[in-house]
file entry-v2.pdb (PDB, C-alpha atoms)
ATOM      1  CA  MET A  26      18.617 -23.537 -33.193
ATOM      2  CA  GLN A  27      18.061 -27.271 -33.184
ATOM      3  CA  ARG A  28      14.760 -28.258 -31.615
ATOM      4  CA  GLU A  29      16.374 -30.673 -29.131
ATOM      5  CA  SER A  30      18.980 -28.188 -27.898
ATOM      6  CA  GLY A  31      16.375 -25.412 -27.669
ATOM      7  CA  ASP A  32      14.083 -27.646 -25.629
ATOM      8  CA  ALA A  33      16.912 -28.521 -23.205
ATOM      9  CA  HIS A  34      17.984 -24.874 -22.981
ATOM     10  CA  ILE A  35      14.493 -23.637 -22.078
ATOM     11  CA  ARG A  36      13.968 -26.417 -19.530
ATOM     12  CA  ARG A  37      17.381 -25.596 -18.032
ATOM     13  CA  TYR A  38      16.238 -21.974 -17.570
ATOM     14  CA  TYR A  39      13.339 -23.064 -15.354
ATOM     15  CA  GLU A  40      15.611 -25.421 -13.382
ATOM     16  CA  VAL A  41      18.150 -22.722 -12.505
ATOM     17  CA  VAL A  42      15.549 -20.063 -11.744
ATOM     18  CA  ASP A  43      13.735 -22.482  -9.413
ATOM     19  CA  ALA A  44      17.068 -23.281  -7.719
ATOM     20  CA  GLY A  45      17.661 -19.553  -7.086
ATOM     21  CA  ASP A  46      20.878 -19.712  -9.144
ATOM     22  CA  VAL A  47      21.103 -16.088 -10.329
ATOM     23  CA  GLU A  48      24.447 -16.558 -12.114
ATOM     24  CA  GLY A  49      23.098 -19.672 -13.808
ATOM     25  CA  VAL A  50      20.074 -17.695 -15.003
ATOM     26  CA  LEU A  51      22.271 -14.879 -16.307
ATOM     27  CA  ASP A  52      24.443 -17.360 -18.223
ATOM     28  CA  ILE A  53      21.365 -18.517 -20.154
ATOM     29  CA  PHE A  54      20.673 -14.969 -21.409
ATOM     30  CA  THR A  55      22.700 -12.898 -23.861
ATOM     31  CA  ASP A  56      24.460  -9.920 -22.240
ATOM     32  CA  ASP A  57      22.002  -7.507 -23.881
ATOM     33  CA  ALA A  58      18.848  -9.595 -23.351
ATOM     34  CA  THR A  59      15.487  -7.974 -22.649
ATOM     35  CA  TYR A  60      12.821  -9.386 -20.344
ATOM     36  CA  CYS A  61       9.266  -8.007 -20.366
ATOM     37  CA  ARG A  62       7.018  -8.999 -17.469
ATOM     38  CA  PRO A  63       3.659  -7.593 -16.331
ATOM     39  CA  GLY A  64       4.067  -5.084 -13.504
ATOM     40  CA  TYR A  65       7.685  -4.220 -14.311
ATOM     41  CA  GLU A  66       9.405  -1.915 -16.754
ATOM     42  CA  PRO A  67      11.224  -3.910 -19.457
ATOM     43  CA  MET A  68      14.537  -5.157 -18.116
ATOM     44  CA  ALA A  69      17.403  -4.815 -20.571
ATOM     45  CA  GLY A  70      20.948  -6.028 -20.044
ATOM     46  CA  ARG A  71      22.757  -8.243 -17.602
ATOM     47  CA  GLU A  72      22.661  -5.835 -14.632
ATOM     48  CA  ALA A  73      18.908  -5.221 -14.955
ATOM     49  CA  LEU A  74      18.324  -8.974 -15.058
ATOM     50  CA  ARG A  75      20.648  -9.468 -12.081
ATOM     51  CA  ALA A  76      18.714  -6.847 -10.073
ATOM     52  CA  PHE A  77      15.426  -8.570 -10.878
ATOM     53  CA  TYR A  78      16.486 -12.154 -10.174
ATOM     54  CA  SER A  79      18.524 -11.310  -7.065
ATOM     55  CA  GLY A  80      16.082  -8.947  -5.361
ATOM     56  CA  ASP A  81      13.238  -7.262  -7.254
ATOM     57  CA  ARG A  82      11.401 -10.497  -8.063
ATOM     58  CA  VAL A  83       8.448 -10.990  -5.675
ATOM     59  CA  ILE A  84       8.847 -14.781  -5.666
ATOM     60  CA  GLU A  85      10.625 -16.269  -2.652
ATOM     61  CA  SER A  86      10.685 -19.865  -3.904
ATOM     62  CA  GLY A  87       8.758 -22.291  -6.049
ATOM     63  CA  ARG A  88       8.682 -24.581  -9.020
ATOM     64  CA  HIS A  89       7.765 -24.107 -12.664
ATOM     65  CA  SER A  90       6.154 -27.012 -14.519
ATOM     66  CA  VAL A  91       6.284 -26.847 -18.296
ATOM     67  CA  THR A  92       3.121 -28.292 -19.852
ATOM     68  CA  SER A  93       3.772 -27.265 -23.479
ATOM     69  CA  LEU A  94       6.947 -26.233 -25.273
ATOM     70  CA  LEU A  95       7.053 -25.352 -28.959
ATOM     71  CA  ILE A  96      10.130 -24.253 -30.882
ATOM     72  CA  ASP A  97      10.019 -22.635 -34.297
ATOM     73  CA  GLY A  98      13.369 -21.469 -35.632
ATOM     74  CA  ASP A  99      14.833 -18.963 -33.173
ATOM     75  CA  GLU A 100      11.622 -18.676 -31.114
ATOM     76  CA  ALA A 101      10.164 -20.786 -28.314
ATOM     77  CA  PHE A 102       6.733 -20.727 -26.725
ATOM     78  CA  VAL A 103       6.033 -22.197 -23.297
ATOM     79  CA  ARG A 104       2.835 -22.830 -21.376
ATOM     80  CA  GLY A 105       3.132 -23.897 -17.782
ATOM     81  CA  GLU A 106       2.225 -23.651 -14.137
ATOM     82  CA  PHE A 107       4.024 -22.126 -11.192
ATOM     83  CA  ASN A 108       3.543 -23.141  -7.567
ATOM     84  CA  GLY A 109       5.457 -21.397  -4.831
ATOM     85  CA  VAL A 110       5.647 -18.771  -2.121
ATOM     86  CA  LEU A 111       5.953 -15.014  -2.512
ATOM     87  CA  LYS A 112       8.270 -12.878  -0.364
ATOM     88  CA  ASP A 113       5.244 -11.706   1.657
ATOM     89  CA  GLY A 114       4.629 -15.335   2.658
ATOM     90  CA  SER A 115       1.535 -15.873   0.511
ATOM     91  CA  ASP A 116       1.109 -18.879  -1.741
ATOM     92  CA  ALA A 117       1.335 -18.436  -5.499
ATOM     93  CA  HIS A 118      -0.384 -20.855  -7.869
ATOM     94  CA  LEU A 119      -0.776 -19.682 -11.441
ATOM     95  CA  GLU A 120      -0.611 -20.526 -15.104
ATOM     96  CA  PHE A 121       1.811 -18.674 -17.351
ATOM     97  CA  ALA A 122       2.944 -18.402 -20.938
ATOM     98  CA  ASP A 123       6.453 -17.389 -21.991
ATOM     99  CA  PHE A 124       7.739 -16.287 -25.358
ATOM    100  CA  PHE A 125      11.501 -16.601 -25.939
ATOM    101  CA  ARG A 126      13.753 -15.523 -28.797
ATOM    102  CA  PHE A 127      17.226 -17.025 -29.093
ATOM    103  CA  GLY A 128      20.249 -14.906 -29.915
ATOM    104  CA  ALA A 129      23.993 -15.453 -30.071
ATOM    105  CA  ASP A 130      25.311 -18.841 -28.998
ATOM    106  CA  ASP A 131      21.704 -20.048 -28.672
ATOM    107  CA  ARG A 132      21.289 -18.025 -25.481
ATOM    108  CA  ILE A 133      18.032 -16.214 -24.770
ATOM    109  CA  ALA A 134      17.955 -12.681 -26.195
ATOM    110  CA  TYR A 135      14.345 -11.864 -25.373
ATOM    111  CA  ARG A 136      11.697 -13.171 -22.991
ATOM    112  CA  GLN A 137       8.152 -12.013 -22.437
ATOM    113  CA  THR A 138       5.898 -13.495 -19.772
ATOM    114  CA  TYR A 139       2.113 -13.565 -19.625
ATOM    115  CA  PHE A 140       0.039 -14.653 -16.614
ATOM    116  CA  TYR A 141      -3.373 -16.213 -16.709
ATOM    117  CA  ALA A 142      -5.310 -14.163 -14.179
ATOM    118  CA  PRO A 143      -8.797 -12.666 -13.952
ATOM    119  CA  LEU A 144      -8.831  -8.972 -14.790
ATOM    120  CA  VAL A 145     -12.503  -8.173 -14.166
TER
END

call {"tool": "encode", "arguments": {"input": "entry-v2.pdb", "output": "C-alpha cells"}}
result
Amino acid sequence: MQRESGDAHIRRYYEVVDAGDVEGVLDIFTDDATYCRPGYEPMAGREALRAFYSGDRVIESGRHSVTSLLIDGDEAFVRGEFNGVLKDGSDAHLEFADFFRFGADDRIAYRQTYFYAPLV
C-alpha cells in the first residue's frame, strides 16, 4: 500500500464511522475482516461487523481525532482521541490506539483497538 493512499483510507474510516454510515464502514473492510475490541468477542466477517456497527456498539455518536498515524507496508498504527456520547447518555472522552492490517484492494482486513484507561 502506498503511504498516501493508506493515510487517506484510514482517515476515511474514522469519517464514515463518525457519520454513522454503516455501509460506508463495511465497504472499507474486506468481506472476511476481523475486528478485535476490548469487551467483545472478536468479530469476523461482514455480518459480524454489521451487527456491531449497526447495534452492538455502545457509542451513540461522537468524533474521532487522529493525533498520530504511521504506515509500514500493509500495516497502520493510529493514536487518537474520541469524544462523544454513549447510548446510555453518558459522555465518553478517551484516548485510543488502533492497529490495522490491509488486505485485498487495500481494504482493511484486520483491526485491533486499545483504550487508554486506568485498570487499578

call {"tool": "residues_around", "arguments": {"input": "entry-v2.pdb", "residues": "stretch 125-129 of chain A", "least_positions_apart": "5", "cutoff": "7 Å", "atoms": "all atoms listed in the file", "output": "count of residues only"}}
result
9

call {"tool": "atom_distance", "arguments": {"input": "entry-v2.pdb", "atom1": "atom CA of A:Gly49", "atom2": "atom CA of A:Pro67"}}
result
20.5 Å

call {"tool": "atom_distance", "arguments": {"input": "entry-v2.pdb", "atom1": "atom CA of A:Tyr39", "atom2": "atom CA of A:Ala142"}}
result
20.7 Å

call {"tool": "residues_near_point", "arguments": {"input": "entry-v2.pdb", "point": "(7.3, -23.0, -13.2)", "cutoff": "12 Å", "atoms": "all atoms listed in the file", "output": "PyMOL selection string"}}
result
chain A and resi 35-44+84+86-93+103-110+117-123+138+140

call {"tool": "atom_distance", "arguments": {"input": "entry-v2.pdb", "atom1": "atom CA of A:Arg62", "atom2": "atom CA of A:Ala33"}}
result
22.6 Å

call {"tool": "closest_residue", "arguments": {"input": "entry-v2.pdb", "among": "A:Asp52, A:Asp113, A:Asp57, A:Asp97", "to": "A:Arg82", "atoms": "only C-alpha atoms"}}
result
A:Asp113

call {"tool": "build_atoms", "arguments": {"input": "entry-v2.pdb", "residues": "stretch 63-88 of chain A", "atoms": "N, CA, C and O atoms", "output": "short mmCIF file (atom, residue, chain, number, x, y, z; two decimals), in the frame of the given file"}}
result
data_model
loop_
_atom_site.label_atom_id
_atom_site.label_comp_id
_atom_site.auth_asym_id
_atom_site.auth_seq_id
_atom_site.Cartn_x
_atom_site.Cartn_y
_atom_site.Cartn_z
N PRO A 63 4.71 -8.47 -16.85
CA PRO A 63 3.66 -7.59 -16.33
C PRO A 63 4.02 -7.03 -14.95
O PRO A 63 4.52 -7.75 -14.09
N GLY A 64 3.80 -5.73 -14.79
CA GLY A 64 4.07 -5.08 -13.50
C GLY A 64 5.45 -4.50 -13.35
O GLY A 64 5.76 -3.88 -12.34
N TYR A 65 6.31 -4.70 -14.35
CA TYR A 65 7.68 -4.22 -14.31
C TYR A 65 7.98 -3.48 -15.61
O TYR A 65 7.45 -3.82 -16.65
N GLU A 66 8.87 -2.51 -15.53
CA GLU A 66 9.40 -1.92 -16.75
C GLU A 66 10.25 -2.98 -17.45
O GLU A 66 10.82 -3.86 -16.79
N PRO A 67 10.36 -2.94 -18.78
CA PRO A 67 11.22 -3.91 -19.46
C PRO A 67 12.64 -3.87 -18.88
O PRO A 67 13.18 -2.80 -18.59
N MET A 68 13.19 -5.04 -18.66
CA MET A 68 14.54 -5.16 -18.12
C MET A 68 15.48 -5.47 -19.27
O MET A 68 15.28 -6.46 -19.97
N ALA A 69 16.48 -4.63 -19.45
CA ALA A 69 17.40 -4.82 -20.57
C ALA A 69 18.84 -4.86 -20.05
O ALA A 69 19.26 -3.97 -19.32
N GLY A 70 19.55 -5.90 -20.42
CA GLY A 70 20.95 -6.03 -20.04
C GLY A 70 21.16 -6.86 -18.80
O GLY A 70 20.26 -7.09 -18.00
N ARG A 71 22.38 -7.32 -18.68
CA ARG A 71 22.76 -8.24 -17.60
C ARG A 71 22.51 -7.67 -16.20
O ARG A 71 22.01 -8.37 -15.33
N GLU A 72 22.83 -6.40 -15.97
CA GLU A 72 22.66 -5.84 -14.63
C GLU A 72 21.19 -5.67 -14.26
O GLU A 72 20.81 -5.87 -13.10
N ALA A 73 20.35 -5.32 -15.22
CA ALA A 73 18.91 -5.22 -14.96
C ALA A 73 18.33 -6.60 -14.62
O ALA A 73 17.52 -6.73 -13.69
N LEU A 74 18.77 -7.62 -15.35
CA LEU A 74 18.32 -8.97 -15.06
C LEU A 74 18.84 -9.44 -13.70
O LEU A 74 18.12 -10.08 -12.93
N ARG A 75 20.08 -9.10 -13.38
CA ARG A 75 20.65 -9.47 -12.08
C ARG A 75 19.84 -8.83 -10.95
O ARG A 75 19.50 -9.48 -9.96
N ALA A 76 19.50 -7.55 -11.10
CA ALA A 76 18.71 -6.85 -10.07
C ALA A 76 17.36 -7.52 -9.89
O ALA A 76 16.88 -7.69 -8.74
N PHE A 77 16.74 -7.92 -10.98
CA PHE A 77 15.43 -8.57 -10.88
C PHE A 77 15.54 -9.92 -10.18
O PHE A 77 14.85 -10.19 -9.20
N TYR A 78 16.41 -10.79 -10.69
CA TYR A 78 16.49 -12.15 -10.17
C TYR A 78 17.11 -12.24 -8.78
O TYR A 78 16.86 -13.19 -8.05
N SER A 79 17.89 -11.25 -8.39
CA SER A 79 18.52 -11.31 -7.06
C SER A 79 17.79 -10.49 -6.01
O SER A 79 18.15 -10.55 -4.84
N GLY A 80 16.74 -9.73 -6.40
CA GLY A 80 16.08 -8.95 -5.36
C GLY A 80 14.71 -8.42 -5.70
O GLY A 80 13.81 -8.46 -4.87
N ASP A 81 14.51 -7.90 -6.91
CA ASP A 81 13.24 -7.26 -7.25
C ASP A 81 12.10 -8.26 -7.45
O ASP A 81 10.93 -7.91 -7.25
N ARG A 82 12.41 -9.46 -7.80
CA ARG A 82 11.40 -10.50 -8.06
C ARG A 82 10.62 -10.79 -6.79
O ARG A 82 11.19 -11.01 -5.73
N VAL A 83 9.29 -10.81 -6.87
CA VAL A 83 8.45 -10.99 -5.68
C VAL A 83 8.34 -12.44 -5.23
O VAL A 83 7.78 -12.73 -4.18
N ILE A 84 8.91 -13.36 -6.00
CA ILE A 84 8.85 -14.78 -5.67
C ILE A 84 9.99 -15.13 -4.71
O ILE A 84 11.15 -14.84 -4.98
N GLU A 85 9.63 -15.78 -3.61
CA GLU A 85 10.62 -16.27 -2.65
C GLU A 85 11.17 -17.62 -3.11
O GLU A 85 12.37 -17.85 -3.14
N SER A 86 10.27 -18.53 -3.46
CA SER A 86 10.68 -19.86 -3.90
C SER A 86 9.51 -20.52 -4.62
O SER A 86 8.37 -20.08 -4.49
N GLY A 87 9.82 -21.57 -5.37
CA GLY A 87 8.76 -22.29 -6.05
C GLY A 87 9.29 -23.12 -7.20
O GLY A 87 10.49 -23.25 -7.39
N ARG A 88 8.32 -23.68 -7.93
CA ARG A 88 8.68 -24.58 -9.02
C ARG A 88 7.80 -24.32 -10.23
O ARG A 88 6.58 -24.25 -10.13
#
